[in-house]
$ cat my_file_5.tsv   # TSV, C-alpha atoms (C1' of nucleotides) and all ligand atoms
chain	number	residue	atom	x	y	z
A	109	MET	CA	0.00	0.00	0.00
A	110	PHE	CA	2.41	2.68	1.22
A	111	SER	CA	6.09	2.89	0.35
A	112	GLN	CA	8.60	2.71	3.17
A	113	ALA	CA	9.22	6.43	2.76
A	114	CYS	CA	5.52	7.11	3.13
A	115	LYS	CA	5.25	5.03	6.28
A	116	TYR	CA	8.11	6.98	7.79
A	117	ALA	CA	6.48	10.23	6.69
A	118	ILE	CA	3.16	9.42	8.37
A	119	ARG	CA	4.85	8.36	11.58
A	120	ALA	CA	7.12	11.39	11.64
A	121	VAL	CA	4.25	13.80	11.08
A	122	LEU	CA	2.22	12.19	13.84
A	123	TYR	CA	5.25	12.23	16.09
A	124	LEU	CA	5.66	15.95	15.48
A	125	ALA	CA	1.96	16.56	16.05
A	126	VAL	CA	2.22	14.91	19.44
A	127	HIS	CA	5.69	15.91	20.60
A	128	ALA	CA	6.63	19.17	18.91
A	129	SER	CA	5.33	22.71	18.62
A	130	ALA	CA	6.51	26.13	17.45
A	131	GLY	CA	8.06	26.60	20.86
A	132	LYS	CA	9.55	23.14	21.07
A	133	LYS	CA	11.03	22.12	17.76
A	134	VAL	CA	12.60	18.74	17.37
A	135	GLY	CA	15.52	17.70	15.15
A	136	VAL	CA	15.75	14.83	12.67
A	137	LYS	CA	18.14	13.00	14.92
A	138	ASP	CA	15.63	12.90	17.76
A	139	ILE	CA	12.73	11.91	15.55
A	140	ALA	CA	14.77	9.18	13.90
A	141	ALA	CA	15.84	7.83	17.27
A	142	ALA	CA	12.31	7.93	18.69
A	143	LEU	CA	10.80	6.15	15.70
A	144	ASP	CA	13.76	3.86	15.07
A	145	VAL	CA	14.07	4.94	11.50
A	146	PRO	CA	17.14	5.63	9.31
A	147	LYS	CA	18.21	9.18	10.09
A	148	TYR	CA	19.45	10.42	6.72
A	149	PHE	CA	16.57	8.85	4.88
A	150	LEU	CA	14.10	10.49	7.22
A	151	ALA	CA	15.84	13.83	6.66
A	152	LYS	CA	15.14	13.58	2.93
A	153	ILE	CA	11.50	12.81	3.58
A	154	LEU	CA	11.10	15.70	6.00
A	155	GLN	CA	12.67	18.05	3.48
A	156	GLN	CA	10.13	17.02	0.90
A	157	LEU	CA	7.25	17.54	3.32
A	158	SER	CA	8.70	20.88	4.29
A	159	ARG	CA	9.04	22.03	0.69
A	160	ASN	CA	5.36	21.22	0.27
A	161	ASN	CA	4.40	23.14	3.39
A	162	LEU	CA	3.05	20.14	5.20
A	163	ILE	CA	5.52	20.55	8.05
A	164	SER	CA	7.50	23.55	9.30
A	165	SER	CA	11.15	23.94	10.17
A	166	THR	CA	13.83	26.43	11.12
A	167	LYS	CA	17.57	26.04	10.78
A	168	GLY	CA	20.24	26.75	13.31
A	169	PRO	CA	20.49	26.32	17.07
A	170	SER	CA	17.21	25.48	18.77
A	171	GLY	CA	15.87	24.85	15.30
A	172	GLY	CA	14.17	21.73	14.05
A	173	PHE	CA	10.82	20.52	12.80
A	174	TYR	CA	7.32	21.15	14.09
A	175	LEU	CA	3.77	21.59	12.88
A	176	SER	CA	2.29	25.06	12.65
A	177	GLU	CA	-1.39	25.62	13.43
A	178	LYS	CA	-1.97	25.51	9.69
A	179	ASN	CA	-0.03	22.26	9.39
A	180	LEU	CA	-2.18	20.70	12.11
A	181	GLU	CA	-5.27	21.40	10.04
A	182	ALA	CA	-3.95	19.45	7.07
A	183	THR	CA	-4.66	15.73	6.66
A	184	LEU	CA	-2.59	12.61	6.27
A	185	LYS	CA	-4.01	12.22	2.80
A	186	GLU	CA	-1.94	15.21	1.78
A	187	VAL	CA	1.13	13.75	3.44
A	188	VAL	CA	0.64	10.43	1.69
A	189	GLU	CA	0.09	11.99	-1.70
A	190	CYS	CA	3.10	14.24	-1.22
A	191	ILE	CA	5.34	11.18	-0.86
A	192	ASP	CA	3.67	8.44	-2.87
A	193	GLY	CA	2.02	10.53	-5.53
A	194	PRO	CA	-1.60	11.32	-6.31
A	195	ASP	CA	-2.74	7.89	-7.50
A	196	VAL	CA	-2.37	5.89	-4.30
A	197	PHE	CA	-6.08	5.88	-3.58
A	198	ASN	CA	-7.26	5.35	-7.13
A	199	ALA	CA	-5.08	2.52	-8.39
A	200	CYS	CA	-6.40	-0.95	-9.19
A	201	ILE	CA	-5.13	-3.50	-6.71
A	202	LEU	CA	-4.14	-5.78	-9.61
A	203	GLY	CA	-2.32	-2.99	-11.41
A	204	LEU	CA	-4.83	-2.76	-14.24
A	205	PRO	CA	-4.73	0.58	-16.03
A	206	VAL	CA	-7.98	1.87	-14.57
A	207	CYS	CA	-9.95	1.07	-11.45
A	208	SER	CA	-13.67	1.51	-11.82
A	209	SER	CA	-16.81	0.07	-10.33
A	210	GLU	CA	-18.36	0.02	-13.79
A	211	ASN	CA	-15.67	-2.21	-15.19
A	212	PRO	CA	-14.19	-3.86	-12.11
A	213	CYS	CA	-11.45	-6.44	-11.74
A	214	PRO	CA	-12.22	-9.59	-9.73
A	215	LEU	CA	-10.91	-8.06	-6.50
A	216	HIS	CA	-12.40	-4.63	-6.99
A	217	ILE	CA	-15.32	-4.82	-4.62
A	218	GLN	CA	-13.29	-5.70	-1.55
A	219	ALA	CA	-10.26	-3.70	-2.58
A	220	PHE	CA	-12.32	-0.61	-3.21
A	221	ALA	CA	-13.95	-0.82	0.20
A	222	TYR	CA	-10.51	-1.29	1.76
A	223	ARG	CA	-9.09	1.73	0.12
A	224	GLU	CA	-12.08	3.99	0.52
A	225	GLY	CA	-12.40	3.34	4.24
A	226	LEU	CA	-8.81	4.28	4.74
A	227	HIS	CA	-9.00	7.10	2.26
A	228	TYR	CA	-12.02	8.55	4.03
A	229	GLN	CA	-10.33	8.68	7.39
A	230	LEU	CA	-7.12	10.09	6.01
A	231	LYS	CA	-9.04	12.70	4.07
A	232	HIS	CA	-11.45	13.88	6.74
A	233	GLN	CA	-9.45	13.79	9.92
A	234	ALA	CA	-7.16	16.72	10.65
A	235	ILE	CA	-3.69	15.76	11.81
A	236	GLY	CA	-4.22	17.77	14.97
A	237	ASP	CA	-7.36	15.83	15.87
A	238	LEU	CA	-5.65	12.57	15.11
A	239	ALA	CA	-2.84	13.55	17.46
A	240	LYS	CA	-5.33	14.20	20.27
A	241	ARG	CA	-6.77	10.73	19.83
A	242	ILE	CA	-3.31	9.20	19.83
A	243	GLU	CA	-2.54	10.83	23.18
A	244	ARG	CA	-5.96	10.00	24.63
A	245	GLU	CA	-5.76	6.35	23.61
A	246	GLU	CA	-2.03	6.07	24.09
A	247	GLN	CA	-1.52	4.65	20.63
A	248	LYS	CA	1.87	3.66	19.38
A	249	ILE	CA	3.60	5.47	16.54
B	167	MET	CA	-0.29	-4.00	-0.95
B	168	PHE	CA	0.83	-6.59	-3.46
B	169	SER	CA	4.16	-6.64	-5.25
B	170	GLN	CA	4.19	-6.44	-9.03
B	171	ALA	CA	5.09	-10.12	-9.15
B	172	CYS	CA	2.10	-10.93	-7.00
B	173	LYS	CA	-0.27	-8.93	-9.17
B	174	TYR	CA	0.96	-10.82	-12.21
B	175	ALA	CA	0.60	-14.09	-10.33
B	176	ILE	CA	-3.03	-13.43	-9.40
B	177	ARG	CA	-3.92	-12.38	-12.90
B	178	ALA	CA	-2.14	-15.34	-14.49
B	179	VAL	CA	-3.81	-17.84	-12.19
B	180	LEU	CA	-7.23	-16.36	-12.90
B	181	TYR	CA	-6.44	-16.35	-16.60
B	182	LEU	CA	-5.56	-20.02	-16.44
B	183	ALA	CA	-8.70	-20.77	-14.42
B	184	VAL	CA	-10.81	-19.19	-17.11
B	185	HIS	CA	-8.95	-20.11	-20.29
B	186	ALA	CA	-6.98	-23.31	-19.68
B	187	SER	CA	-7.60	-26.87	-18.63
B	188	ALA	CA	-5.82	-30.24	-18.55
B	189	GLY	CA	-6.89	-30.71	-22.15
B	190	LYS	CA	-6.05	-27.20	-23.26
B	191	LYS	CA	-2.82	-26.05	-21.74
B	192	VAL	CA	-1.50	-22.60	-22.47
B	193	GLY	CA	2.11	-21.42	-22.72
B	194	VAL	CA	3.79	-18.48	-21.00
B	195	LYS	CA	4.02	-16.62	-24.26
B	196	ASP	CA	0.26	-16.68	-24.73
B	197	ILE	CA	-0.48	-15.74	-21.14
B	198	ALA	CA	2.01	-12.90	-21.24
B	199	ALA	CA	0.53	-11.60	-24.45
B	200	ALA	CA	-3.04	-11.87	-23.18
B	201	LEU	CA	-2.27	-10.06	-19.93
B	202	ASP	CA	0.27	-7.64	-21.42
B	203	VAL	CA	2.91	-8.63	-18.94
B	204	PRO	CA	6.68	-9.18	-19.32
B	205	LYS	CA	7.12	-12.71	-20.65
B	206	TYR	CA	10.31	-13.83	-18.93
B	207	PHE	CA	9.32	-12.32	-15.64
B	208	LEU	CA	5.99	-14.09	-15.78
B	209	ALA	CA	7.79	-17.34	-16.53
B	210	LYS	CA	9.70	-17.04	-13.26
B	211	ILE	CA	6.53	-16.42	-11.34
B	212	LEU	CA	4.75	-19.36	-12.91
B	213	GLN	CA	7.68	-21.61	-12.07
B	214	GLN	CA	7.44	-20.62	-8.46
B	215	LEU	CA	3.71	-21.28	-8.38
B	216	SER	CA	4.29	-24.58	-10.09
B	217	ARG	CA	6.97	-25.66	-7.60
B	218	ASN	CA	4.46	-24.98	-4.86
B	219	ASN	CA	1.76	-26.98	-6.59
B	220	LEU	CA	-0.57	-24.06	-7.05
B	221	ILE	CA	-0.58	-24.46	-10.80
B	222	SER	CA	0.20	-27.41	-13.07
B	223	SER	CA	2.38	-27.71	-16.13
B	224	THR	CA	3.86	-30.10	-18.63
B	225	LYS	CA	6.86	-29.60	-20.83
B	226	GLY	CA	7.23	-30.28	-24.52
B	227	PRO	CA	4.92	-29.96	-27.50
B	228	SER	CA	1.31	-29.26	-26.60
B	229	GLY	CA	2.57	-28.57	-23.11
B	230	GLY	CA	1.98	-25.50	-21.03
B	231	PHE	CA	0.26	-24.35	-17.88
B	232	TYR	CA	-3.19	-25.14	-16.53
B	233	LEU	CA	-5.05	-25.68	-13.28
B	234	SER	CA	-5.87	-29.19	-12.15
B	235	GLU	CA	-9.10	-29.91	-10.31
B	236	LYS	CA	-7.07	-29.73	-7.14
B	237	ASN	CA	-5.56	-26.41	-8.15
B	238	LEU	CA	-9.03	-24.99	-8.77
B	239	GLU	CA	-9.93	-25.75	-5.18
B	240	ALA	CA	-7.08	-23.68	-3.80
B	241	THR	CA	-7.50	-20.01	-2.99
B	242	LEU	CA	-5.84	-16.78	-4.04
B	243	LYS	CA	-4.62	-16.38	-0.49
B	244	GLU	CA	-2.25	-19.28	-1.14
B	245	VAL	CA	-1.12	-17.74	-4.39
B	246	VAL	CA	-0.48	-14.39	-2.72
B	247	GLU	CA	1.42	-15.90	0.16
B	248	CYS	CA	3.46	-18.05	-2.22
B	249	ILE	CA	4.77	-14.93	-3.93
B	250	ASP	CA	4.73	-12.21	-1.29
B	251	GLY	CA	5.34	-14.30	1.79
B	252	PRO	CA	3.16	-15.24	4.74
B	253	ASP	CA	2.95	-11.84	6.43
B	254	VAL	CA	1.02	-9.90	3.83
B	255	PHE	CA	-2.24	-10.06	5.72
B	256	ASN	CA	-0.78	-9.54	9.17
B	257	ALA	CA	1.56	-6.61	8.68
B	258	CYS	CA	0.95	-3.20	10.21
B	259	ILE	CA	0.16	-0.63	7.55
B	260	LEU	CA	2.73	1.72	9.08
B	261	GLY	CA	5.39	-0.98	9.20
B	262	LEU	CA	5.39	-1.27	12.97
B	263	PRO	CA	6.80	-4.57	14.18
B	264	VAL	CA	3.45	-6.03	15.20
B	265	CYS	CA	-0.12	-5.32	14.20
B	266	SER	CA	-2.64	-5.93	16.95
B	267	SER	CA	-6.01	-4.63	17.99
B	268	GLU	CA	-4.87	-4.60	21.59
B	269	ASN	CA	-2.00	-2.25	20.87
B	270	PRO	CA	-3.01	-0.57	17.63
B	271	CYS	CA	-1.34	2.11	15.59
B	272	PRO	CA	-3.37	5.20	14.65
B	273	LEU	CA	-4.49	3.69	11.34
B	274	HIS	CA	-5.13	0.20	12.64
B	275	ILE	CA	-8.92	0.22	12.85
B	276	GLN	CA	-9.51	1.13	9.22
B	277	ALA	CA	-6.54	-0.77	7.94
B	278	PHE	CA	-7.48	-3.91	9.80
B	279	ALA	CA	-11.17	-3.84	8.91
B	280	TYR	CA	-10.62	-3.61	5.24
B	281	ARG	CA	-7.52	-5.74	5.07
B	282	GLU	CA	-9.54	-8.49	6.71
B	283	GLY	CA	-12.30	-7.97	4.18
B	284	LEU	CA	-9.89	-8.69	1.40
B	285	HIS	CA	-8.23	-11.48	3.30
B	286	TYR	CA	-11.59	-13.12	3.95
B	287	GLN	CA	-12.54	-13.19	0.31
B	288	LEU	CA	-9.17	-14.43	-0.82
B	289	LYS	CA	-9.18	-17.12	1.85
B	290	HIS	CA	-12.70	-18.47	1.44
B	291	GLN	CA	-13.30	-18.33	-2.24
B	292	ALA	CA	-11.94	-21.18	-4.34
B	293	ILE	CA	-10.16	-20.10	-7.49
B	294	GLY	CA	-12.56	-22.22	-9.54
B	295	ASP	CA	-15.58	-20.40	-8.12
B	296	LEU	CA	-13.94	-17.04	-8.66
B	297	ALA	CA	-13.35	-17.98	-12.28
B	298	LYS	CA	-17.03	-18.77	-12.75
B	299	ARG	CA	-17.96	-15.36	-11.43
B	300	ILE	CA	-15.45	-13.72	-13.73
B	301	GLU	CA	-17.02	-15.37	-16.74
B	302	ARG	CA	-20.56	-14.70	-15.54
B	303	GLU	CA	-19.91	-11.04	-14.88
B	304	GLU	CA	-17.43	-10.63	-17.71
B	305	GLN	CA	-14.84	-9.08	-15.45
B	306	LYS	CA	-11.50	-7.93	-16.77
B	307	ILE	CA	-8.26	-9.63	-15.81
C	134	DT	C1'	30.90	39.28	14.90
C	135	DA	C1'	32.15	34.53	15.55
C	136	DA	C1'	31.20	29.92	16.69
C	137	DA	C1'	27.94	26.48	16.94
C	138	DT	C1'	23.96	24.37	15.36
C	139	DA	C1'	20.64	22.24	12.42
C	140	DA	C1'	18.14	22.01	8.11
C	141	DA	C1'	18.69	22.01	2.84
C	142	DA	C1'	20.76	20.31	-0.93
C	143	DG	C1'	23.58	17.37	-3.63
C	144	DA	C1'	26.04	13.35	-4.67
C	145	DT	C1'	26.70	8.38	-3.91
C	146	DT	C1'	26.04	3.82	-2.48
C	147	DT	C1'	23.45	-0.28	-1.35
C	148	DT	C1'	19.67	-3.21	-1.67
C	149	DT	C1'	15.53	-4.87	-3.65
C	150	DT	C1'	12.58	-5.49	-7.32
C	151	DT	C1'	11.72	-6.06	-11.92
C	152	DG	C1'	12.90	-7.61	-16.25
C	153	DT	C1'	15.89	-10.24	-19.82
C	154	DC	C1'	18.63	-13.77	-21.95
C	155	DT	C1'	20.77	-18.42	-22.31
C	156	DT	C1'	21.18	-23.20	-21.31
C	157	DT	C1'	19.22	-27.47	-19.75
C	158	DT	C1'	15.68	-30.90	-19.19
C	159	DA	C1'	11.47	-33.23	-20.04
C	160	DT	C1'	7.80	-34.47	-23.24
C	161	DT	C1'	5.52	-35.31	-27.40
C	162	DA	C1'	4.65	-36.23	-32.06
C	163	DT	C1'	6.68	-37.76	-36.23
D	151	DA	C1'	14.94	-42.92	-32.38
D	152	DT	C1'	14.75	-38.06	-33.74
D	153	DA	C1'	13.32	-33.48	-34.09
D	154	DA	C1'	10.58	-30.06	-32.28
D	155	DT	C1'	8.57	-27.94	-28.47
D	156	DA	C1'	7.96	-25.80	-24.10
D	157	DA	C1'	8.89	-25.50	-19.19
D	158	DA	C1'	12.76	-25.30	-15.61
D	159	DA	C1'	16.75	-23.43	-14.11
D	160	DG	C1'	20.54	-20.37	-13.87
D	161	DA	C1'	22.93	-16.29	-14.77
D	162	DC	C1'	22.66	-11.52	-15.74
D	163	DA	C1'	21.10	-6.56	-16.44
D	164	DA	C1'	18.32	-2.56	-15.57
D	165	DA	C1'	15.53	0.20	-12.80
D	166	DA	C1'	13.59	1.68	-8.62
D	167	DA	C1'	13.62	2.23	-3.77
D	168	DA	C1'	16.00	2.73	0.37
D	169	DA	C1'	19.78	4.33	2.86
D	170	DT	C1'	24.23	7.00	3.58
D	171	DC	C1'	27.61	10.62	3.41
D	172	DT	C1'	29.28	15.36	2.35
D	173	DT	C1'	28.81	20.17	1.48
D	174	DT	C1'	26.20	24.36	1.76
D	175	DT	C1'	23.06	27.67	3.78
D	176	DA	C1'	20.45	29.82	7.29
D	177	DT	C1'	19.81	30.95	12.16
D	178	DT	C1'	20.82	31.69	16.80
D	179	DT	C1'	23.35	32.37	20.87
D	180	DA	C1'	27.45	33.77	23.13
E	401	LIG	S1	-10.58	-2.40	-10.83
E	401	LIG	FE1	-9.13	-3.50	-9.69
E	401	LIG	S2	-9.35	-2.63	-7.75
E	401	LIG	FE2	-10.79	-1.50	-8.89
E	402	LIG	S1	-1.11	-1.91	14.25
E	402	LIG	FE1	-0.83	-0.76	12.45
E	402	LIG	S2	-2.27	-1.66	11.12
E	402	LIG	FE2	-2.53	-2.83	12.94

$ encode --input "my_file_5.tsv" --output "structure tokens"
Amino acid sequence: MFSQACKYAIRAVLYLAVHASAGKKVGVKDIAAALDVPKYFLAKILQQLSRNNLISSTKGPSGGFYLSEKNLEATLKEVVECIDGPDVFNACILGLPVCSSENPCPLHIQAFAYREGLHYQLKHQAIGDLAKRIEREEQKI
Amino acid sequence: MFSQACKYAIRAVLYLAVHASAGKKVGVKDIAAALDVPKYFLAKILQQLSRNNLISSTKGPSGGFYLSEKNLEATLKEVVECIDGPDVFNACILGLPVCSSENPCPLHIQAFAYREGLHYQLKHQAIGDLAKRIEREEQKI
DNA sequence: TAAATAAAAGATTTTTTTGTCTTTTATTAT
DNA sequence: ATAATAAAAGACAAAAAAATCTTTTATTTA
């Protein structure tokens, strides 16, 4: 479903939503250590998210990454599409050129439900709200 | 979700279920052409399925691949796991070391629900029955 | 202003996946 | 038996994804 880079991206964004803020930025090194993820690879991913204004950062001492108020209002759908491209939620599970309910492949019905359920949550839940739930329910990242 | 190899495997098996039989075997070249899939790569995949007794084959003139009665009773779950390994349906969508409802990641609920939906169909539907539905509903492969 | 810090950017390497080609082996039909 | 056929197996190449290292740029604190 998601590339390795995308998995790291989602986890890093959620980590920032929970543990960082404009007043308490956190560096790649710390994030990588907390998530047990390759440091340099994560840095690349964070740069890409930053370029696309999905996360915020400042350089220099006491710098690092965090989510602005604006960033917290975005959704994971945007994060996912930033890393894995815009077709993640529209592609046929068998790799056929188009996915459609009118002309479905044999796995379409289940696959479509699978994707849409996930897609719906990722599209409609703000990252900030998700973070609150993670803290409330003590979910792992 | 599925690797490219696995997608080809599923499609090839379904193609065989619909178009081949013990009396009418079909060669890699024909399958590859029909599915528009790289010939030599498909050959590798079919060999692996054959070694694991998920499809049948004979060499030589008028030889080729087909599904025996036994093969038709197997499920796509077995095909998938033969190619992509046994963890496909148990892995956390974020790549966390374990996926469990007791200690879920933030995407677990959706991911699990729909993954299980797919898993259930692939596990409980015999390939032969699936093939009948494909013919009945004229689904694409 | 200078030194220290941390992200941004660029270049490279490694690993995995995908795809190709060649040789061998088994089977069949002549 | 022999020739033709097609899968099996092995070796190889290309492309993509993942991971690493180095240099540059911006920022802050002393
Ligand atoms: S057509 Fe294959 S998943 Fe929709
Ligand atoms: S724990 Fe992540 S999908 Fe189940």

$ atom_distance --input "my_file_5.tsv" --atom1 "atom CA of Ile176 of chain B" --atom2 "atom C1' of DA167 of chain D"
23.5 Å

$ closest_residue --input "my_file_5.tsv" --among "B:Arg281, B:Lys243, B:His290, B:Arg302" --to "chain A" --atoms "all atoms listed in the file"
B:Arg281

$ residues_near_ligand --input "my_file_5.tsv" --ligand "ligand LIG 402 (chain E)" --cutoff "12 Å" --atoms "only C-alpha atoms (C1' of nucleotides) and all ligand atoms" --output "VMD selection string"
(chain A and resid 109 to 110 115 118 to 119 226 247 to 249) or (chain B and resid 254 to 282)

$ atom_distance --input "my_file_5.tsv" --atom1 "atom CA of Phe207 of chain B" --atom2 "atom CA of Tyr174 of chain B"
9.2 Å

$ atom_distance --input "my_file_5.tsv" --atom1 "atom C1' of DT177 of chain D" --atom2 "atom CA of Lys167 of chain A"
5.6 Å

$ closest_residue --input "my_file_5.tsv" --among "A:Val187, A:Leu157, A:Ala151, A:Ala141" --to "chain D" --atoms "only C-alpha atoms (C1' of nucleotides)"
A:Ala151

$ residues_around --input "my_file_5.tsv" --residues "segment 134-137 of chain C" --least-positions-apart "3" --cutoff "12 Å" --atoms "only C-alpha atoms (C1' of nucleotides)" --output "PyMOL selection string"
(chain A and resi 168-170) or (chain D and resi 177-180)

$ closest_atom_pairs --input "my_file_5.tsv" --of "chain C" --to "chain A" --cutoff "12 Å" --atoms "only C-alpha atoms (C1' of nucleotides)" --output "Markdown table"
| residue | atom | partner | partner_atom | distance |
| --- | --- | --- | --- | --- |
| C:DA136 | C1' | A:Pro169 | CA | 11.3 |
| C:DA137 | C1' | A:Pro169 | CA | 7.5 |
| C:DT138 | C1' | A:Pro169 | CA | 4.3 |
| C:DA139 | C1' | A:Gly168 | CA | 4.6 |
| C:DA140 | C1' | A:Lys167 | CA | 4.9 |
| C:DA141 | C1' | A:Gln155 | CA | 7.2 |
| C:DA142 | C1' | A:Gln155 | CA | 9.5 |
| C:DG143 | C1' | A:Lys152 | CA | 11.3 |

$ write_last_selection --input "my_file_5.tsv" --atoms "C-alpha atoms (C1' of nucleotides)" --output "mmCIF file, keeping the file's coordinate frame"
data_model
loop_
_atom_site.group_PDB
_atom_site.id
_atom_site.type_symbol
_atom_site.label_atom_id
_atom_site.label_comp_id
_atom_site.auth_asym_id
_atom_site.auth_seq_id
_atom_site.Cartn_x
_atom_site.Cartn_y
_atom_site.Cartn_z
ATOM 1 C "C1'" DA C 136 31.200 29.920 16.690
ATOM 2 C "C1'" DA C 137 27.940 26.480 16.940
ATOM 3 C "C1'" DT C 138 23.960 24.370 15.360
ATOM 4 C "C1'" DA C 139 20.640 22.240 12.420
ATOM 5 C "C1'" DA C 140 18.140 22.010 8.110
ATOM 6 C "C1'" DA C 141 18.690 22.010 2.840
ATOM 7 C "C1'" DA C 142 20.760 20.310 -0.930
ATOM 8 C "C1'" DG C 143 23.580 17.370 -3.630
#

$ closest_residue --input "my_file_5.tsv" --among "A:Ile139, A:Ala128, A:Ala117, A:Ile242" --to "chain B" --atoms "all atoms listed in the file"
A:Ile242

$ closest_atom_pairs --input "my_file_5.tsv" --of "chain D" --to "chain B" --cutoff "9 Å" --atoms "only C-alpha atoms (C1' of nucleotides)" --output "JSON lines"
{"residue": "D:DA154", "atom": "C1'", "partner": "B:Pro227", "partner_atom": "CA", "distance": 7.4}
{"residue": "D:DT155", "atom": "C1'", "partner": "B:Pro227", "partner_atom": "CA", "distance": 4.3}
{"residue": "D:DA156", "atom": "C1'", "partner": "B:Gly226", "partner_atom": "CA", "distance": 4.6}
{"residue": "D:DA157", "atom": "C1'", "partner": "B:Lys225", "partner_atom": "CA", "distance": 4.9}
{"residue": "D:DA158", "atom": "C1'", "partner": "B:Gln213", "partner_atom": "CA", "distance": 7.2}

$ decode --input "my_file_5.tsv" --residues "chain D" --atoms "C-alpha atoms (C1' of nucleotides)" --output "PDB file, in the first residue's frame"
ATOM      1  C1'  DA D 151      14.937 -42.925 -32.383  1.00  0.00           C
ATOM      2  C1'  DT D 152      14.747 -38.062 -33.743  1.00  0.00           C
ATOM      3  C1'  DA D 153      13.324 -33.485 -34.093  1.00  0.00           C
ATOM      4  C1'  DA D 154      10.583 -30.061 -32.285  1.00  0.00           C
ATOM      5  C1'  DT D 155       8.574 -27.942 -28.466  1.00  0.00           C
ATOM      6  C1'  DA D 156       7.955 -25.797 -24.102  1.00  0.00           C
ATOM      7  C1'  DA D 157       8.893 -25.501 -19.194  1.00  0.00           C
ATOM      8  C1'  DA D 158      12.758 -25.296 -15.611  1.00  0.00           C
ATOM      9  C1'  DA D 159      16.751 -23.432 -14.107  1.00  0.00           C
ATOM     10  C1'  DG D 160      20.536 -20.369 -13.868  1.00  0.00           C
ATOM     11  C1'  DA D 161      22.933 -16.287 -14.771  1.00  0.00           C
ATOM     12  C1'  DC D 162      22.661 -11.519 -15.736  1.00  0.00           C
ATOM     13  C1'  DA D 163      21.100  -6.559 -16.435  1.00  0.00           C
ATOM     14  C1'  DA D 164      18.315  -2.561 -15.569  1.00  0.00           C
ATOM     15  C1'  DA D 165      15.526   0.202 -12.803  1.00  0.00           C
ATOM     16  C1'  DA D 166      13.592   1.682  -8.624  1.00  0.00           C
ATOM     17  C1'  DA D 167      13.617   2.228  -3.774  1.00  0.00           C
ATOM     18  C1'  DA D 168      15.998   2.735   0.371  1.00  0.00           C
ATOM     19  C1'  DA D 169      19.781   4.330   2.864  1.00  0.00           C
ATOM     20  C1'  DT D 170      24.225   7.003   3.582  1.00  0.00           C
ATOM     21  C1'  DC D 171      27.607  10.615   3.407  1.00  0.00           C
ATOM     22  C1'  DT D 172      29.277  15.362   2.347  1.00  0.00           C
ATOM     23  C1'  DT D 173      28.814  20.173   1.479  1.00  0.00           C
ATOM     24  C1'  DT D 174      26.202  24.360   1.757  1.00  0.00           C
ATOM     25  C1'  DT D 175      23.062  27.672   3.780  1.00  0.00           C
ATOM     26  C1'  DA D 176      20.448  29.824   7.287  1.00  0.00           C
ATOM     27  C1'  DT D 177      19.813  30.951  12.159  1.00  0.00           C
ATOM     28  C1'  DT D 178      20.818  31.688  16.803  1.00  0.00           C
ATOM     29  C1'  DT D 179      23.350  32.374  20.870  1.00  0.00           C
ATOM     30  C1'  DA D 180      27.447  33.770  23.129  1.00  0.00           C
TER      31       DA D 180
END
